[in-house]
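This is protein_24.txt (compact mmCIF, C-alpha atoms).
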# COMPACT_ATOMS: atom_id res chain seq x y z
CA MET D 144 -89.03 -21.46 12.70
CA ASN D 145 -88.32 -24.81 11.02
CA SER D 146 -90.77 -27.27 12.60
CA GLU D 147 -88.57 -30.31 11.88
CA PHE D 148 -85.71 -28.60 13.69
CA ILE D 149 -87.94 -28.24 16.73
CA GLN D 150 -89.34 -31.76 16.51
CA CYS D 151 -86.24 -33.80 15.68
CA GLN D 152 -83.26 -31.97 17.14
CA ALA D 153 -82.97 -31.55 20.90
CA GLN D 154 -83.08 -27.90 21.89
CA THR D 155 -80.89 -26.02 24.33
CA SER D 156 -83.16 -23.02 24.86
CA ILE D 157 -86.86 -22.17 24.82
CA HIS D 158 -86.46 -19.72 21.94
CA PRO D 159 -83.58 -20.76 19.64
CA MET D 160 -82.48 -18.19 17.10
CA GLY D 161 -83.48 -20.58 14.33
CA LEU D 162 -81.39 -19.11 11.54
CA GLU D 163 -81.34 -21.60 8.63
CA ILE D 164 -77.75 -21.70 7.44
CA ALA D 165 -76.85 -22.16 3.79
CA SER D 166 -73.15 -21.23 3.83
CA ALA D 167 -70.52 -19.17 5.63
CA LYS D 168 -67.36 -17.50 4.40
CA GLY D 169 -64.92 -15.13 6.07
CA SER D 170 -66.80 -12.85 8.47
CA TYR D 171 -70.25 -13.62 7.02
CA ILE D 172 -72.95 -16.25 7.41
CA TYR D 173 -75.61 -16.72 4.69
CA ASP D 174 -79.10 -18.09 5.29
CA LYS D 175 -81.26 -20.06 2.86
CA SER D 176 -82.94 -16.90 1.58
CA GLU D 177 -79.45 -15.64 0.60
CA LYS D 178 -79.47 -12.94 3.30
CA LYS D 179 -76.00 -12.33 4.71
CA TYR D 180 -75.11 -11.72 8.34
CA LEU D 181 -71.92 -10.15 9.64
CA ASP D 182 -70.70 -12.48 12.38
CA PHE D 183 -69.60 -10.74 15.59
CA VAL D 184 -69.64 -14.01 17.56
CA ALA D 185 -67.43 -16.43 15.57
CA GLY D 186 -69.15 -19.58 16.76
CA VAL D 187 -68.70 -18.40 20.37
CA SER D 188 -64.97 -17.64 19.91
CA ALA D 189 -64.34 -20.84 17.94
CA ASN D 190 -63.88 -19.56 14.36
CA THR D 191 -60.51 -17.92 14.90
CA LEU D 192 -59.79 -17.44 11.18
CA GLY D 193 -63.37 -16.78 10.16
CA HIS D 194 -65.66 -19.17 8.32
CA SER D 195 -64.34 -21.78 5.89
CA PRO D 196 -60.73 -20.56 5.90
CA LYS D 197 -58.93 -22.11 2.94
CA VAL D 198 -55.81 -22.95 4.94
CA VAL D 199 -57.85 -25.02 7.41
CA ASN D 200 -60.06 -26.67 4.78
CA ASP D 201 -57.05 -27.61 2.67
CA ALA D 202 -55.29 -29.12 5.68
CA MET D 203 -58.30 -31.27 6.54
CA ILE D 204 -58.81 -32.43 2.94
CA GLU D 205 -55.14 -33.37 2.67
CA GLN D 206 -55.36 -35.42 5.86
CA MET D 207 -58.67 -37.06 4.89
CA ASN D 208 -57.07 -38.25 1.67
CA LEU D 209 -54.41 -40.02 3.78
CA TYR D 210 -56.52 -41.48 6.60
CA THR D 211 -59.06 -40.47 9.24
CA HIS D 212 -59.53 -42.39 12.49
CA VAL D 213 -57.15 -45.33 12.95
CA MET D 214 -56.78 -46.00 16.69
CA VAL D 215 -57.77 -44.70 20.10
CA TYR D 216 -55.75 -41.83 21.54
CA GLY D 217 -52.08 -42.29 22.33
CA GLU D 218 -51.35 -45.66 20.70
CA PHE D 219 -50.23 -44.88 17.14
CA VAL D 220 -47.85 -42.13 16.06
CA GLN D 221 -49.85 -39.85 13.76
CA ASP D 222 -48.15 -36.86 12.13
CA LYS D 223 -50.75 -34.13 12.59
CA PRO D 224 -51.58 -34.70 16.29
CA LEU D 225 -47.86 -34.93 17.04
CA GLU D 226 -47.05 -31.76 15.07
CA LEU D 227 -49.84 -29.87 16.83
CA ALA D 228 -48.59 -30.99 20.24
CA LYS D 229 -45.01 -30.00 19.34
CA LEU D 230 -46.09 -26.55 18.15
CA LEU D 231 -48.10 -25.93 21.31
CA VAL D 232 -45.18 -27.00 23.51
CA ALA D 233 -42.76 -24.79 21.54
CA ASN D 234 -44.90 -21.75 22.27
CA LEU D 235 -45.70 -22.37 25.95
CA PRO D 236 -43.59 -22.16 29.13
CA GLU D 237 -41.10 -25.02 29.42
CA THR D 238 -43.06 -26.64 32.27
CA LEU D 239 -46.03 -27.12 29.95
CA ASN D 240 -44.39 -29.74 27.77
CA SER D 241 -46.90 -32.57 27.52
CA VAL D 242 -50.18 -32.21 25.60
CA TYR D 243 -53.29 -34.36 25.89
CA LEU D 244 -55.62 -33.65 22.95
CA THR D 245 -59.37 -33.99 23.52
CA ASN D 246 -62.63 -33.53 21.64
CA SER D 247 -63.70 -30.35 23.44
CA GLY D 248 -62.83 -27.84 26.11
CA THR D 249 -65.20 -29.53 28.53
CA GLU D 250 -63.41 -32.84 28.13
CA ALA D 251 -60.10 -31.04 28.67
CA THR D 252 -61.48 -29.63 31.91
CA GLU D 253 -62.41 -33.12 33.08
CA GLY D 254 -58.90 -34.36 32.33
CA ALA D 255 -57.32 -31.43 34.14
CA LEU D 256 -59.39 -32.01 37.28
CA LYS D 257 -58.48 -35.71 37.31
CA LEU D 258 -54.83 -34.88 36.81
CA ALA D 259 -54.77 -32.40 39.71
CA LYS D 260 -56.23 -35.04 42.04
CA ARG D 261 -53.86 -37.72 40.79
CA VAL D 262 -50.73 -35.57 41.13
CA THR D 263 -51.50 -34.20 44.60
CA GLY D 264 -53.35 -37.10 46.15
CA ARG D 265 -55.97 -34.60 47.32
CA PHE D 266 -59.57 -34.15 46.17
CA GLU D 267 -60.59 -30.57 47.01
CA ILE D 268 -61.08 -28.39 43.94
CA ILE D 269 -61.56 -24.63 44.24
CA SER D 270 -63.24 -22.59 41.53
CA ALA D 271 -64.46 -19.02 41.22
CA LYS D 272 -67.95 -17.69 41.71
CA LEU D 273 -69.66 -17.22 38.35
CA ALA D 274 -67.07 -19.49 36.71
CA TYR D 275 -67.95 -21.67 33.76
CA HIS D 276 -65.70 -24.52 32.62
CA GLY D 277 -68.08 -26.77 30.70
CA ASN D 278 -71.32 -28.65 31.15
CA SER D 279 -70.47 -32.25 32.01
CA GLN D 280 -70.88 -33.53 35.57
CA GLY D 281 -67.35 -32.71 36.71
CA ALA D 282 -67.19 -29.36 34.96
CA MET D 283 -70.66 -28.49 36.22
CA SER D 284 -69.52 -29.22 39.77
CA ILE D 285 -67.10 -26.30 39.55
CA ALA D 286 -69.55 -23.97 37.81
CA GLY D 287 -69.92 -20.88 39.95
CA LYS D 288 -73.66 -20.33 39.68
CA GLU D 289 -75.94 -22.65 41.63
CA SER D 290 -79.08 -22.08 39.55
CA THR D 291 -77.43 -23.69 36.51
CA LYS D 292 -76.66 -26.96 38.28
CA SER D 293 -79.05 -27.50 41.18
CA ALA D 294 -81.36 -29.66 39.04
CA PHE D 295 -78.51 -32.11 38.45
CA ARG D 296 -77.27 -32.66 41.99
CA PRO D 297 -75.66 -34.59 43.54
CA LEU D 298 -72.50 -33.57 41.68
CA ILE D 299 -68.81 -34.10 42.46
CA PRO D 300 -68.09 -33.45 46.17
CA GLY D 301 -65.15 -31.49 47.55
CA THR D 302 -65.65 -28.25 45.65
CA LYS D 303 -65.31 -24.74 47.08
CA PHE D 304 -65.69 -21.28 45.57
CA ILE D 305 -63.87 -17.98 45.93
CA ALA D 306 -64.58 -14.53 44.57
CA PHE D 307 -62.58 -13.73 41.42
CA ASN D 308 -60.14 -10.83 41.92
CA ASN D 309 -60.54 -11.04 45.72
CA PHE D 310 -57.06 -11.26 47.26
CA GLU D 311 -58.39 -12.14 50.72
CA ASP D 312 -60.19 -15.20 49.35
CA ILE D 313 -56.90 -16.60 48.09
CA LYS D 314 -56.25 -17.75 51.68
CA LYS D 315 -58.98 -20.38 51.17
CA ILE D 316 -56.47 -22.33 49.08
CA THR D 317 -54.96 -24.67 51.68
CA CYS D 318 -52.96 -27.86 52.12
CA ASP D 319 -56.21 -29.75 51.48
CA THR D 320 -56.56 -28.27 47.99
CA ALA D 321 -55.69 -30.38 44.97
CA GLY D 322 -56.14 -27.54 42.52
CA ILE D 323 -57.72 -24.19 41.90
CA ILE D 324 -59.19 -23.68 38.45
CA LEU D 325 -59.66 -20.17 37.09
CA GLU D 326 -60.42 -18.63 33.73
CA SER D 327 -57.67 -16.21 32.74
CA ILE D 328 -60.57 -13.92 31.79
CA GLN D 329 -63.93 -14.92 33.25
CA GLY D 330 -66.21 -15.59 30.29
CA SER D 331 -69.80 -16.28 31.29
CA ALA D 332 -69.48 -13.90 34.24
CA GLY D 333 -69.21 -10.98 31.82
CA PHE D 334 -65.64 -10.98 30.44
CA VAL D 335 -64.10 -10.03 33.78
CA VAL D 336 -60.37 -9.30 33.46
CA PRO D 337 -58.07 -10.17 36.39
CA VAL D 338 -56.72 -7.16 38.26
CA GLU D 339 -53.00 -6.49 38.35
CA GLY D 340 -51.16 -9.12 40.40
CA TYR D 341 -54.16 -11.36 41.07
CA LEU D 342 -53.18 -14.44 39.06
CA LYS D 343 -49.60 -14.16 40.31
CA ALA D 344 -50.83 -14.06 43.91
CA VAL D 345 -52.93 -17.18 43.30
CA LYS D 346 -49.93 -18.97 41.81
CA GLU D 347 -47.75 -18.02 44.78
CA ARG D 348 -50.36 -19.31 47.22
CA CYS D 349 -50.56 -22.60 45.31
CA GLU D 350 -46.80 -23.00 45.60
CA GLU D 351 -46.99 -22.33 49.36
CA VAL D 352 -49.52 -25.09 50.04
CA GLY D 353 -48.69 -27.59 47.29
CA ALA D 354 -51.85 -27.07 45.25
CA LEU D 355 -51.90 -26.89 41.47
CA LEU D 356 -53.02 -23.86 39.48
CA ILE D 357 -55.24 -24.79 36.54
CA LEU D 358 -55.89 -22.00 34.04
CA ASP D 359 -58.75 -22.28 31.56
CA GLU D 360 -58.29 -20.38 28.30
CA ILE D 361 -60.91 -22.19 26.26
CA GLN D 362 -62.44 -18.81 25.34
CA SER D 363 -59.58 -16.34 25.72
CA GLY D 364 -56.86 -18.28 23.94
CA VAL D 365 -55.27 -18.65 20.50
CA GLY D 366 -54.50 -14.97 20.02
CA ARG D 367 -57.89 -13.53 20.97
CA THR D 368 -56.47 -11.06 23.52
CA GLY D 369 -53.32 -10.16 21.57
CA LYS D 370 -51.09 -12.82 23.11
CA LEU D 371 -51.26 -16.48 22.16
CA TYR D 372 -52.73 -17.03 25.63
CA GLU D 373 -53.81 -14.37 28.12
CA PHE D 374 -51.83 -15.77 31.07
CA MET D 375 -48.68 -14.76 29.20
CA ASN D 376 -49.50 -11.15 30.13
CA HIS D 377 -49.28 -12.00 33.84
CA ASN D 378 -45.73 -13.35 34.22
CA ILE D 379 -46.83 -16.76 35.47
CA ALA D 380 -47.12 -20.32 34.22
CA PRO D 381 -49.99 -22.56 35.34
CA ASP D 382 -49.35 -26.11 36.50
CA ILE D 383 -52.11 -27.37 34.21
CA PHE D 384 -53.42 -25.46 31.23
CA ILE D 385 -56.65 -25.89 29.26
CA THR D 386 -57.30 -24.75 25.70
CA GLY D 387 -60.00 -25.42 23.11
CA LYS D 388 -62.57 -23.56 20.98
CA GLY D 389 -60.44 -21.28 18.76
CA LEU D 390 -57.63 -23.84 18.53
CA GLY D 391 -59.66 -25.88 16.04
CA GLY D 392 -60.42 -23.06 13.62
CA GLY D 393 -64.07 -24.08 13.65
CA MET D 394 -63.56 -27.77 14.37
CA PRO D 395 -64.15 -29.50 17.75
CA ILE D 396 -61.00 -29.68 19.84
CA GLY D 397 -59.58 -29.24 23.30
CA ALA D 398 -56.38 -29.99 25.19
CA PHE D 399 -55.07 -30.09 28.73
CA ILE D 400 -51.37 -29.49 29.05
CA SER D 401 -48.94 -29.99 31.91
CA SER D 402 -45.44 -31.32 32.61
CA ARG D 403 -44.38 -34.76 31.45
CA GLU D 404 -43.86 -35.68 35.10
CA ASN D 405 -47.46 -34.79 35.94
CA MET D 406 -48.91 -36.43 32.85
CA SER D 407 -47.05 -39.67 33.60
CA LYS D 408 -49.41 -40.13 36.55
CA LEU D 409 -52.16 -41.02 34.06
CA VAL D 410 -50.21 -43.99 32.71
CA GLU D 411 -50.29 -46.28 35.76
CA ASN D 412 -52.15 -46.78 39.05
CA PRO D 413 -54.55 -47.12 37.34
CA LYS D 414 -53.46 -47.91 33.82
CA LEU D 415 -55.27 -45.92 31.15
CA GLY D 416 -55.98 -43.19 33.68
CA HIS D 417 -57.57 -41.00 31.02
CA ILE D 418 -58.64 -42.38 27.65
CA THR D 419 -60.59 -41.17 24.64
CA THR D 420 -61.48 -42.69 21.29
CA PHE D 421 -61.54 -39.61 19.09
CA GLY D 422 -59.36 -37.13 20.99
CA GLY D 423 -56.42 -36.13 18.81
CA HIS D 424 -58.34 -37.10 15.67
CA PRO D 425 -55.91 -36.56 12.77
CA VAL D 426 -58.34 -34.49 10.67
CA ILE D 427 -59.19 -32.22 13.60
CA ALA D 428 -55.51 -31.99 14.56
CA ALA D 429 -54.74 -30.93 10.97
CA ALA D 430 -57.28 -28.14 11.34
CA GLY D 431 -55.80 -27.11 14.69
CA LEU D 432 -52.26 -27.17 13.33
CA ALA D 433 -53.20 -24.99 10.35
CA THR D 434 -55.03 -22.56 12.64
CA LEU D 435 -52.22 -22.31 15.18
CA LYS D 436 -49.55 -21.89 12.49
CA THR D 437 -51.53 -19.10 10.86
CA VAL D 438 -52.02 -17.24 14.15
CA LEU D 439 -48.33 -17.57 15.02
CA GLU D 440 -46.89 -16.76 11.60
CA SER D 441 -49.23 -13.90 10.59
CA ASP D 442 -49.71 -10.42 12.04
CA LEU D 443 -53.17 -11.24 13.42
CA MET D 444 -52.13 -10.96 17.08
CA GLN D 445 -50.29 -7.71 16.46
CA LYS D 446 -53.50 -6.15 15.13
CA ILE D 447 -55.77 -7.20 17.99
CA SER D 448 -55.16 -4.11 20.11
CA GLU D 449 -55.99 -1.78 17.21
CA LYS D 450 -59.18 -3.69 16.47
CA GLU D 451 -60.20 -3.53 20.12
CA MET D 452 -59.63 0.24 20.16
CA LEU D 453 -61.71 0.63 16.99
CA ILE D 454 -64.62 -1.29 18.53
CA ARG D 455 -64.46 0.76 21.71
CA GLU D 456 -64.37 3.99 19.70
CA LYS D 457 -67.33 3.05 17.50
CA LEU D 458 -69.49 1.81 20.38
CA LYS D 459 -69.50 4.99 22.46
CA HIS D 460 -73.13 5.49 23.43
CA PRO D 461 -74.92 6.74 26.59
CA ALA D 462 -76.74 3.40 26.94
CA ILE D 463 -73.50 1.38 26.80
CA HIS D 464 -72.22 1.77 30.35
CA SER D 465 -68.93 0.01 29.73
CA ILE D 466 -67.18 -2.42 27.45
CA ARG D 467 -65.65 -5.26 29.42
CA GLY D 468 -62.97 -7.65 28.32
CA LYS D 469 -59.83 -7.44 26.26
CA GLY D 470 -58.78 -7.76 22.63
CA LEU D 471 -61.53 -9.36 20.59
CA MET D 472 -63.18 -10.80 23.70
CA LEU D 473 -65.51 -7.90 24.52
CA ALA D 474 -68.91 -7.39 26.11
CA ALA D 475 -70.94 -4.21 25.68
CA MET D 476 -72.78 -3.68 28.97
CA VAL D 477 -76.27 -2.13 28.96
CA GLU D 478 -78.81 -1.35 31.67
CA THR D 479 -80.91 -4.52 31.70
CA PRO D 480 -81.02 -8.06 30.29
CA GLU D 481 -84.22 -7.10 28.49
CA LEU D 482 -82.47 -4.35 26.57
CA ALA D 483 -79.52 -6.62 25.72
CA THR D 484 -81.91 -9.21 24.31
CA LYS D 485 -83.77 -6.60 22.26
CA VAL D 486 -80.52 -5.37 20.75
CA ILE D 487 -79.26 -8.87 19.97
CA LEU D 488 -82.48 -9.91 18.24
CA LYS D 489 -82.93 -6.61 16.40
CA SER D 490 -79.33 -6.77 15.19
CA MET D 491 -79.95 -10.20 13.72
CA GLU D 492 -82.89 -8.77 11.77
CA LYS D 493 -80.49 -6.16 10.38
CA GLY D 494 -77.84 -8.74 9.45
CA LEU D 495 -75.52 -8.69 12.47
CA ILE D 496 -74.92 -11.74 14.67
CA LEU D 497 -74.47 -10.95 18.36
CA PHE D 498 -75.03 -13.22 21.35
CA TRP D 499 -75.55 -13.42 25.10
CA LEU D 500 -73.26 -14.38 27.97
CA LEU D 501 -74.40 -17.24 30.17
CA PHE D 502 -74.36 -15.60 33.62
CA GLU D 503 -74.45 -11.87 32.80
CA GLY D 504 -77.69 -10.94 31.11
CA ARG D 505 -76.77 -7.28 30.59
CA ALA D 506 -73.87 -8.18 28.32
CA ILE D 507 -73.84 -8.14 24.52
CA ARG D 508 -71.17 -10.52 23.33
CA ILE D 509 -68.66 -9.28 20.75
CA THR D 510 -66.13 -11.95 19.78
CA PRO D 511 -65.61 -11.72 16.00
CA PRO D 512 -63.04 -13.74 14.06
CA LEU D 513 -59.48 -12.51 14.48
CA THR D 514 -59.47 -11.98 10.70
CA ILE D 515 -62.27 -9.39 10.76
CA SER D 516 -61.37 -6.24 8.83
CA ASP D 517 -61.58 -2.66 10.09
CA GLU D 518 -64.32 -2.01 7.55
CA GLU D 519 -66.34 -4.94 8.87
CA ILE D 520 -65.86 -3.75 12.44
CA ILE D 521 -67.17 -0.30 11.49
CA GLU D 522 -70.11 -1.87 9.64
CA GLY D 523 -71.01 -4.11 12.58
CA CYS D 524 -70.70 -1.40 15.21
CA ALA D 525 -72.94 0.90 13.16
CA LEU D 526 -75.58 -1.84 12.98
CA LEU D 527 -75.32 -2.43 16.72
CA ILE D 528 -75.76 1.27 17.51
CA GLU D 529 -78.69 1.47 15.11
CA SER D 530 -80.30 -1.53 16.79
CA LEU D 531 -79.63 -0.05 20.22
CA ASN D 532 -81.29 3.25 19.32
CA GLU D 533 -84.34 1.51 17.92
CA SER D 534 -84.54 -0.73 20.99
CA LEU D 535 -84.36 2.27 23.30
CA ASN D 536 -87.29 3.87 21.51
CA GLU D 537 -89.31 0.72 22.17
CA TYR D 538 -88.10 0.23 25.72
CA ALA D 539 -89.52 3.07 27.77
CA PRO D 540 -88.49 1.85 31.26
CA LEU D 541 -84.81 2.33 30.53
CA LYS D 542 -83.13 5.21 32.30
CA ILE D 543 -79.92 6.44 30.71
CA HIS D 544 -77.38 7.78 33.19
Transcribe the structure of this file into structure tokens.
Amino acid sequence: MNSEFIQCQAQTSIHPMGLEIASAKGSYIYDKSEKKYLDFVAGVSANTLGHSPKVVNDAMIEQMNLYTHVMVYGEFVQDKPLELAKLLVANLPETLNSVYLTNSGTEATEGALKLAKRVTGRFEIISAKLAYHGNSQGAMSIAGKESTKSAFRPLIPGTKFIAFNNFEDIKKITCDTAGIILESIQGSAGFVVPVEGYLKAVKERCEEVGALLILDEIQSGVGRTGKLYEFMNHNIAPDIFITGKGLGGGMPIGAFISSRENMSKLVENPKLGHITTFGGHPVIAAAGLATLKTVLESDLMQKISEKEMLIREKLKHPAIHSIRGKGLMLAAMVETPELATKVILKSMEKGLILFWLLFEGRAIRITPPLTISDEEIIEGCALLIESLNESLNEYAPLKIH
């Protein structure tokens, strides 16, 4: 492990993976010893088009040659942020027609929560158990696992939690609720897909009591599940929508999106109700625009279902109890967190990048770039199975059912 990395750069975990990166291209990452690694994580669902996609790099270079940062968000008309907003609006339900670009998904979450309170005049926010929407104070307040936030209390008051996919719990959304925020597919909880009719029932309840439905597709969006956004499979439209990660094609971005009427509430009482210096940065917006255009104009989304089926076929193994998720947002579930960790670390030794999920230790994260080829999928799955078999031989306590 690089000692300067440990000494000078703040760490996020006790045992960082510590891979020393030299370059990355397509579906592969290369370390400083020139070893290559097939990437089944894609920067935690951020590298939609793989690493260093030419279309994204060219768009950023073109914009950098014109100008970079010129003014705080929302004051000057800049082509690339405007074009990105227009393209998002053109491909979303008509009620989602006003885009606020941010620096990250977490910042978009913060804006969405503020907007829900401002529009309704209420302050209660409901989230789901095991939800994850970011790691700032507001986003942490609606995180659905107490152990991840207890050290930072007091947090934002007025939060409640319901069980995801529990229809009875929907009744907890009342006339006191400003908004309920849900992931269209729960990420950190283990890639939990909503059951048939659940999101629609939540939306109907919100309409009954005057609450707003906020859907978070920071992880599941930008084509990852076969639709541009997963909520489009559920015949609903959220009142406020959050996107990020994959929208930037490897660059930092987020956005919260609602109606112009709702967004106008951030203009006055108070003025500058939500501001950011670098949100909507023209270079980042150029990257997002190039990424979104490519996803929309190519056949990438049409191929997602076939790629999912190929992964499921190649990962049939007695120790993999199930594969949760949808599209290229999948989690191979094994018996214990210890086994999952062994497989992830052993796979890295063999040249395959896998990762964990925050709240579900038994999960092995599989979220490759949308551009991954069938041959690369087969290669990666073979390495995973090989690592799993070797881990099982070393892990005697495991009982295979």
Coordinates-based distance that separates CA of Ser241 in chain D from CA of Cys349 in chain D (Å, one decimal): 20.7 Å
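Those residues that approach Ile466 in chain D to within 9 Å, counting all atoms listed in the file, are Arg455, Leu458, Ile463, His464, Gly468, Lys469, Leu473, Ala474, Ala475, Met476 and Ala506 of chain D; same-chain residues fewer than 2 positions away are not listed.
Going from CA of Leu239 in chain D over to CA of Phe399 in chain D, you cover 9.6 Å.
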Pick from D:Ile299, D:Ala202, D:Ala282, D:Ile400, whichever lies nearest to Thr386 in chain D using all atoms listed in the file: D:Ile400
Residues near Gly277 in chain D, cut-off 12 Å, all atoms listed in the file, skip fewer than 3 positions along chain, as number ranges by chain: D: 247-253, 274, 280-287, 291-292, 326, 330-331, 359-362, 385, 387-388, 397, 501
Quick one: axis-aligned box around all listed atoms of range 237-247 of chain D, 8 Å on every side, centre and edge lengths in Å to one decimal, written as JSON.
{"center_x": -52.4, "center_y": -29.7, "center_z": 27.0, "size_x": 38.6, "size_y": 25.3, "size_z": 26.6}
Surrounding residues of Val242 in chain D excluding itself and chain neighbours under 4 positions, 9 Å, all atoms listed in the file, as a list of chain:residue names: D:Ala228, D:Lys229, D:Leu231, D:Val232, D:Ala398, D:Phe399, D:Ile400, D:Ser401, D:Ser402, D:Arg403, D:Met406
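Proximity ranking of D:Val477, D:Ile520, D:Leu209, D:Ile324 relative to Gly504 in chain D places D:Val477 first, based on only C-alpha atoms.
CA of Ser327 in chain D is positioned 27.8 Å from CA of Leu181 in chain D.
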Polymer residues at most 9 Å from Ile509 in chain D, only C-alpha atoms, same-chain spacing of 2 or more positions, as a list in words: Phe183, Val184, Ala185, Leu471, Met472, Leu473, Ala474, Ala475, Leu497, Phe498, Ile507 and Pro511 of chain D
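Comparing D:Gly366, D:Gly169, D:Pro297, D:Gly340 by their smallest distance to Asn234 in chain D, the closest is D:Gly366 (using only C-alpha atoms).
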Close residues, Tyr173 in chain D itself excluded, 12 Å, all atoms listed in the file, min 2 positions apart in chain, as number ranges by chain: D: 162-171, 175-182, 194, 491, 494-496
Please report, as JSON lines, each residue of range 207-315 of chain D lying at most 7 Å from range 419-428 of chain D, together with the nearest pair of atoms and the separation in Å rounded to one decimal; use only C-alpha atoms, and order rows by chain and ascending residue number.
{"residue": "D:Met207", "atom": "CA", "partner": "D:Val426", "partner_atom": "CA", "distance": 6.3}
{"residue": "D:Thr211", "atom": "CA", "partner": "D:Pro425", "partner_atom": "CA", "distance": 6.1}
{"residue": "D:His212", "atom": "CA", "partner": "D:His424", "partner_atom": "CA", "distance": 6.3}
{"residue": "D:Val215", "atom": "CA", "partner": "D:Thr420", "partner_atom": "CA", "distance": 4.4}
{"residue": "D:Tyr216", "atom": "CA", "partner": "D:Thr419", "partner_atom": "CA", "distance": 5.8}
{"residue": "D:Gln221", "atom": "CA", "partner": "D:Pro425", "partner_atom": "CA", "distance": 7.0}
{"residue": "D:Lys223", "atom": "CA", "partner": "D:Ala428", "partner_atom": "CA", "distance": 5.6}
{"residue": "D:Pro224", "atom": "CA", "partner": "D:Ala428", "partner_atom": "CA", "distance": 5.1}
{"residue": "D:Leu227", "atom": "CA", "partner": "D:Ala428", "partner_atom": "CA", "distance": 6.5}
{"residue": "D:Leu244", "atom": "CA", "partner": "D:Gly423", "partner_atom": "CA", "distance": 4.9}
{"residue": "D:Thr245", "atom": "CA", "partner": "D:Gly422", "partner_atom": "CA", "distance": 4.0}
{"residue": "D:Asn246", "atom": "CA", "partner": "D:Gly422", "partner_atom": "CA", "distance": 4.9}
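Distances here use all atoms listed in the file; by that measure, the residue among D:His417, D:Lys436, D:Lys260, D:Lys457 closest to Gly392 in chain D is D:Lys436.
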Protein, DNA and RNA residues within 12 Å of (-60.5, -17.1, 10.8), all atoms listed in the file, as a PyMOL selection string: chain D and resi 167-171+182+184-186+188-200+365-367+389-394+430-431+433-435+437-438+441+443+510-516
Residues around (-57.2, -18.3, 48.6), cut-off 9 Å, counting only C-alpha atoms - what are they as a short mmCIF file (atom, residue, chain, number, x, y, z; two decimals) with C-alpha atoms, in the coordinates of the input?
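Saved as point-v3.cif:
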data_model
loop_
_atom_site.label_atom_id
_atom_site.label_comp_id
_atom_site.auth_asym_id
_atom_site.auth_seq_id
_atom_site.Cartn_x
_atom_site.Cartn_y
_atom_site.Cartn_z
CA ILE D 269 -61.56 -24.63 44.24
CA ILE D 305 -63.87 -17.98 45.93
CA ASN D 309 -60.54 -11.04 45.72
CA PHE D 310 -57.06 -11.26 47.26
CA GLU D 311 -58.39 -12.14 50.72
CA ASP D 312 -60.19 -15.20 49.35
CA ILE D 313 -56.90 -16.60 48.09
CA LYS D 314 -56.25 -17.75 51.68
CA LYS D 315 -58.98 -20.38 51.17
CA ILE D 316 -56.47 -22.33 49.08
CA THR D 317 -54.96 -24.67 51.68
CA ILE D 323 -57.72 -24.19 41.90
CA ALA D 344 -50.83 -14.06 43.91
CA VAL D 345 -52.93 -17.18 43.30
CA ARG D 348 -50.36 -19.31 47.22
CA CYS D 349 -50.56 -22.60 45.31
#
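If you measure from each of D:Val262, D:Leu325, D:Glu205, D:Ile149 to Leu409 in chain D using all atoms listed in the file, the closest one turns out to be D:Val262.
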Quick test: take range 248-257 of chain D, keep N, CA and C atoms, and write it as a CSV table (one decimal), in the first residue's frame.
chain,number,residue,atom,x,y,z
D,248,GLY,N,-24.9,13.8,-6.9
D,248,GLY,CA,-26.2,13.3,-6.5
D,248,GLY,C,-26.6,13.7,-5.1
D,249,THR,N,-25.7,13.7,-4.2
D,249,THR,CA,-26.0,14.1,-2.8
D,249,THR,C,-26.5,15.6,-2.8
D,250,GLU,N,-25.9,16.5,-3.6
D,250,GLU,CA,-26.3,17.8,-3.6
D,250,GLU,C,-27.7,17.9,-4.2
D,251,ALA,N,-28.0,17.1,-5.2
D,251,ALA,CA,-29.3,17.0,-5.8
D,251,ALA,C,-30.4,16.6,-4.8
D,252,THR,N,-30.0,15.6,-4.0
D,252,THR,CA,-30.9,15.2,-2.9
D,252,THR,C,-31.2,16.4,-2.0
D,253,GLU,N,-30.2,17.1,-1.6
D,253,GLU,CA,-30.4,18.3,-0.7
D,253,GLU,C,-31.4,19.2,-1.3
D,254,GLY,N,-31.2,19.5,-2.6
D,254,GLY,CA,-32.1,20.5,-3.3
D,254,GLY,C,-33.5,20.0,-3.3
D,255,ALA,N,-33.7,18.7,-3.6
D,255,ALA,CA,-35.0,18.1,-3.7
D,255,ALA,C,-35.7,18.1,-2.4
D,256,LEU,N,-35.0,17.9,-1.3
D,256,LEU,CA,-35.7,17.9,0.1
D,256,LEU,C,-36.1,19.4,0.4
D,257,LYS,N,-35.3,20.3,0.1
D,257,LYS,CA,-35.6,21.7,0.3
D,257,LYS,C,-36.8,22.1,-0.6
